[in-house]
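Note sheet for the following structure.
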Amino acid sequence: MFITTSKTELLNFLNQQTKRQQTLGFVPTMGALHKGHIELVKQSKIQNNCTIVSIFVNPKQFNNSEDFNKYPIQTEQDITLLNSVDCDVLFLPSNNEIYSNDLEIDLNIDSLNNVFEGPNRPGHFKGVVEVVYRFFDLIQPHKAYLGLKDFQQCLVIKTLRDRYFENIELIFCETIRENSGLAMSSRNARLSEQGKILASNIFKVLKDIENSFNKIDLNGTINKAELVLKNLNIDIEYLSLANAKTLNPSNDWQKKDENVVLIAAYIENVRLIDNIKF
Ligand code: AMP
C-alpha cells in the first residue's frame, strides 16, 4: 500500500494510475477503522483498479471539542487492516495540508441542515462539505463510497456532488452491524461491554418501527419506542420518521421505500446515531 501525508505525492501517484487508465475508488474516513469501513473498501476494490482511503479527523465537523479530543486514533492498527484487504493507497494528511488555502463553496443545504443532525450539531455539515469538497477536488475519483449509517450525511454529500462533481458516482453502502444489531462505529470503542449491550436496543426499536409499517399508527409506535429506551435510561436526542428523499420529518407513514426512521441517543455519554430505511 502506498502511504502518504502529502497532496503532491498523492497527485503524482494518482496521475500515474490515471495514465494507465486505472479507475479510482475513494473511501473517506476518520480512521479507527472497523468492519463497516472495511466493507466500503472491499466494495471499492471490486469496482475499481485502484482504491484510496483517506484518514483525517476533520476538526471543522466537530461541534464539540471534547468529542474531537476523545476521537480514537489508531493509525498502526488501521494500516494493518487496510493491508489485509489490499487497499492501494492511504492518504493521511495533516490539518495544514488539507486547509492550506481559502475556499468559497456556494452550496445551499438549508433544508437538510434544519433537521436531525443539523440543529443538534451546529456547523457539522458545513465542516463535512468543506472537507469532502477538498478531497473530491484533489482526488477526482470515479466512485466514492459512503455508509448509509450516516444517512443525512449521504444526502448532504449528494447535494455537493450534484452541484460540483457530476462525474463522481456515489455508492451508498448498507450499515454493517454487530451480531447484536448495534451499528458499528468508531465511537463504540468508548462504550463499556454493558453499554454495548444496552446500545443494541437502539436497533431493536428501529426494527419494531419498521415492522409496524402501515399496521399501527405511527405516533403510537414512536411513543412506545421512546418509552422502551427511556426505561433503559437511554437519553434520546431525536427519534423520528422522515421522508427518505427530503428528510422532512413526518407524522405519517410515507410510501413504501420512502420511510426512514432516524435516531440519535446518548449512552455512557457517547453519542450514537442509527437509522433504517424501509
Ligand atoms: P467515519 O470514519 O465515521 O467518518 O466514517 C467513514 C465512512 O464509513 C462514512 O461514509 C460512514 O458512513 C461509513 N461507516 C461508518 N460506520 C459504518 C458502518 N457501520 N457500516 C457502513 N459504513 C459505515
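Note on naming: chains are A, B, ... as they come in the C-alpha cells, residues start from 1 per chain, ligands start from 1 in the order shown.
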
Find the nearest atom pair between each residue of chain A and ligand 1 for residues within 7 Å, count only C-alpha atoms and all ligand atoms, give distances in Å to one decimal, sort rows by chain and ascending number, and present the table as a Markdown table.
```
| residue | atom | partner | partner_atom_place_in_ligand_line | distance |
| --- | --- | --- | --- | --- |
| A:Val27 | CA | ligand 1 | 7 (C) | 6.9 |
| A:Pro28 | CA | ligand 1 | 6 (C) | 5.7 |
| A:Thr29 | CA | ligand 1 | 6 (C) | 3.7 |
| A:Met30 | CA | ligand 1 | 2 (O) | 3.8 |
| A:Gly31 | CA | ligand 1 | 2 (O) | 5.2 |
| A:Leu33 | CA | ligand 1 | 2 (O) | 6.9 |
| A:Gly36 | CA | ligand 1 | 20 (N) | 3.6 |
| A:His37 | CA | ligand 1 | 8 (O) | 4.7 |
| A:Glu39 | CA | ligand 1 | 21 (C) | 6.8 |
| A:Leu40 | CA | ligand 1 | 22 (N) | 6.6 |
| A:Tyr145 | CA | ligand 1 | 10 (O) | 6.4 |
| A:Leu146 | CA | ligand 1 | 10 (O) | 3.5 |
| A:Gly147 | CA | ligand 1 | 12 (O) | 3.2 |
| A:Leu148 | CA | ligand 1 | 12 (O) | 5.5 |
| A:Lys149 | CA | ligand 1 | 12 (O) | 5.0 |
| A:Asp150 | CA | ligand 1 | 12 (O) | 4.5 |
| A:Cys173 | CA | ligand 1 | 21 (C) | 6.1 |
| A:Glu174 | CA | ligand 1 | 21 (C) | 5.6 |
| A:Thr175 | CA | ligand 1 | 20 (N) | 3.5 |
| A:Ile176 | CA | ligand 1 | 20 (N) | 3.8 |
| A:Arg177 | CA | ligand 1 | 19 (N) | 5.7 |
| A:Ala183 | CA | ligand 1 | 19 (N) | 4.9 |
| A:Met184 | CA | ligand 1 | 19 (N) | 3.8 |
| A:Ser185 | CA | ligand 1 | 16 (N) | 4.8 |
| A:Ser186 | CA | ligand 1 | 3 (O) | 6.3 |
```

- request: Would you kindly return, as a count of residues only, each protein, DNA or RNA residue with an atom no farther than 12 Å from any atom of Leu92 in chain A, considering only C-alpha atoms and excluding same-chain residues fewer than 3 positions away?
  value: 30

query: Per DSSP on the backbone, what are the strand (DSSP E) residues of range 17-242 of chain A, as a PyMOL selection string?
result: chain A and resi 24-29+50-55+89-91+143-147+169-173+235-242

- request: Rank A:Leu160, A:Leu138, A:Leu81, A:Ile236 by their smallest atom-to-atom distance to Ile105 in chain A, using only C-alpha atoms, and report the top residue only.
  value: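 For Ile105 in chain A, the nearest of the candidates is A:Leu160.
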
- request: List every residue of range 55-165 of chain A that DSSP, applied to the backbone of this structure, places in helix (DSSP H, G or I), and write the result as a ChimeraX atom specification.
  value: /A:59-61,65-69,75-84,95-98,110-113,117-120,124-139,148-164

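Near Asn251 in chain A, within a cut-off of 9 Å and counting only C-alpha atoms, sit the residues Leu218, Asn219, Ser240, Leu241 and Ala242 of chain A, with same-chain residues fewer than 5 positions away left out.
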
Export N, CA and C atoms of the chosen residues as an mmCIF file, in the first residue's frame?
```cif
data_model
loop_
_atom_site.group_PDB
_atom_site.id
_atom_site.type_symbol
_atom_site.label_atom_id
_atom_site.label_comp_id
_atom_site.auth_asym_id
_atom_site.auth_seq_id
_atom_site.Cartn_x
_atom_site.Cartn_y
_atom_site.Cartn_z
ATOM 1 N N LEU A 218 -48.518 5.661 13.566
ATOM 2 C CA LEU A 218 -47.098 5.995 13.706
ATOM 3 C C LEU A 218 -46.773 6.596 15.062
ATOM 4 N N ASN A 219 -47.606 7.548 15.498
ATOM 5 C CA ASN A 219 -47.295 8.216 16.774
ATOM 6 C C ASN A 219 -47.227 7.222 17.922
ATOM 7 N N SER A 240 -37.389 9.874 15.065
ATOM 8 C CA SER A 240 -38.486 10.365 14.246
ATOM 9 C C SER A 240 -38.491 9.698 12.883
ATOM 10 N N LEU A 241 -39.679 9.657 12.304
ATOM 11 C CA LEU A 241 -39.806 9.190 10.925
ATOM 12 C C LEU A 241 -39.665 10.387 9.996
ATOM 13 N N ALA A 242 -39.053 10.156 8.840
ATOM 14 C CA ALA A 242 -38.935 11.234 7.859
ATOM 15 C C ALA A 242 -39.058 10.656 6.460
#
```

query: With only C-alpha atoms as the basis for distance, which of A:Asn64, A:Asn275, A:Asn223, A:Asn259 is at the shortest distance from Lys207 in chain A?
result: A:Asn275

field: Non-local contacts of Phe151 in chain A (9 Å; only C-alpha atoms; under 6 positions in same chain excluded) as a list in words
entry: Ala244, Val260, Leu262, Asp274, Asn275 and Ile276 of chain A

message: Just the number, please: distance in Å from CA of Leu82 in chain A to CA of Val131 in chain A, one decimal.
response: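 Taking CA of Leu82 in chain A and CA of Val131 in chain A, their separation equals 21.8 Å.
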
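When CA of Asn231 in chain A is paired with CA of Ser200 in chain A, their separation reads 14.3 Å.
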
message: Set the distance at 9 Å and use only C-alpha atoms: which residues neighbour Thr51 in chain A once local chain neighbours fewer than 5 positions away are removed? I'd like the list as a ChimeraX atom specification.
response: /A:23-27,41,44-45,86-90

- prompt: Which distance in Å separates CA of Ile197 in chain A and CA of Glu226 in chain A, to one decimal?
  reply: 17.6 Å

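Nearest residue to Asn108 in chain A, choosing from A:Ile171, A:Ile139, A:Val132, A:Ile157 and counting only C-alpha atoms: A:Ile157.
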
- request: Could you give me, as a list in words, the residues within 9 Å of Phe165 in chain A, counting only C-alpha atoms and dropping anything in the same chain fewer than 5 positions from it?
  value: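 Once the adjacent positions are removed, what remains is Tyr133, Phe136, Asp137, Gln140 and Leu160 of chain A.
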
Write a file of the just-selected residues containing N, CA, C and O atoms, as a compact mmCIF listing (two decimals), in the first residue's frame.
```txt
# COMPACT_ATOMS: atom_id res chain seq x y z
N TYR A 133 -15.43 18.42 -0.21
CA TYR A 133 -15.13 19.20 -1.42
C TYR A 133 -13.63 19.12 -1.71
O TYR A 133 -13.20 18.86 -2.83
N PHE A 136 -12.62 15.57 -2.88
CA PHE A 136 -13.12 15.26 -4.23
C PHE A 136 -12.35 16.06 -5.28
O PHE A 136 -11.98 15.54 -6.33
N ASP A 137 -12.10 17.33 -4.97
CA ASP A 137 -11.42 18.21 -5.91
C ASP A 137 -9.99 17.73 -6.15
O ASP A 137 -9.49 17.73 -7.28
N GLN A 140 -10.39 13.56 -7.43
CA GLN A 140 -11.22 13.33 -8.63
C GLN A 140 -11.47 11.84 -8.86
O GLN A 140 -11.14 11.30 -9.93
N LEU A 160 -23.77 18.12 -2.67
CA LEU A 160 -22.47 18.66 -3.08
C LEU A 160 -22.05 18.07 -4.43
O LEU A 160 -21.60 18.80 -5.33
```

query: Using only C-alpha atoms, which of the listed residues (A:Glu210, A:Glu169, A:Asp235, A:Glu258) sits closest to Asn48 in chain A?
result: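 Comparing A:Glu210, A:Glu169, A:Asp235, A:Glu258 against Asn48 in chain A, the winner is A:Glu169.
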
message: Need to verify the contact set: Val156 in chain A, 9 Å, only C-alpha atoms, exclusion of same-chain residues closer than 5 positions in sequence. Can you return it as a ChimeraX atom specification?
response: /A:109,112-113,125,128-129,151,161

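Proximity to Ala32 in chain A was assessed for A:Ala189, A:Val85, A:Thr221, A:Met1 counting only C-alpha atoms; the smallest distance is recorded for A:Ala189.
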
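Take the candidates A:Asp257, A:Asp106, A:Glu268, A:Asp67 and check each one against Arg163 in chain A using only C-alpha atoms; the shortest distance goes to A:Asp106.
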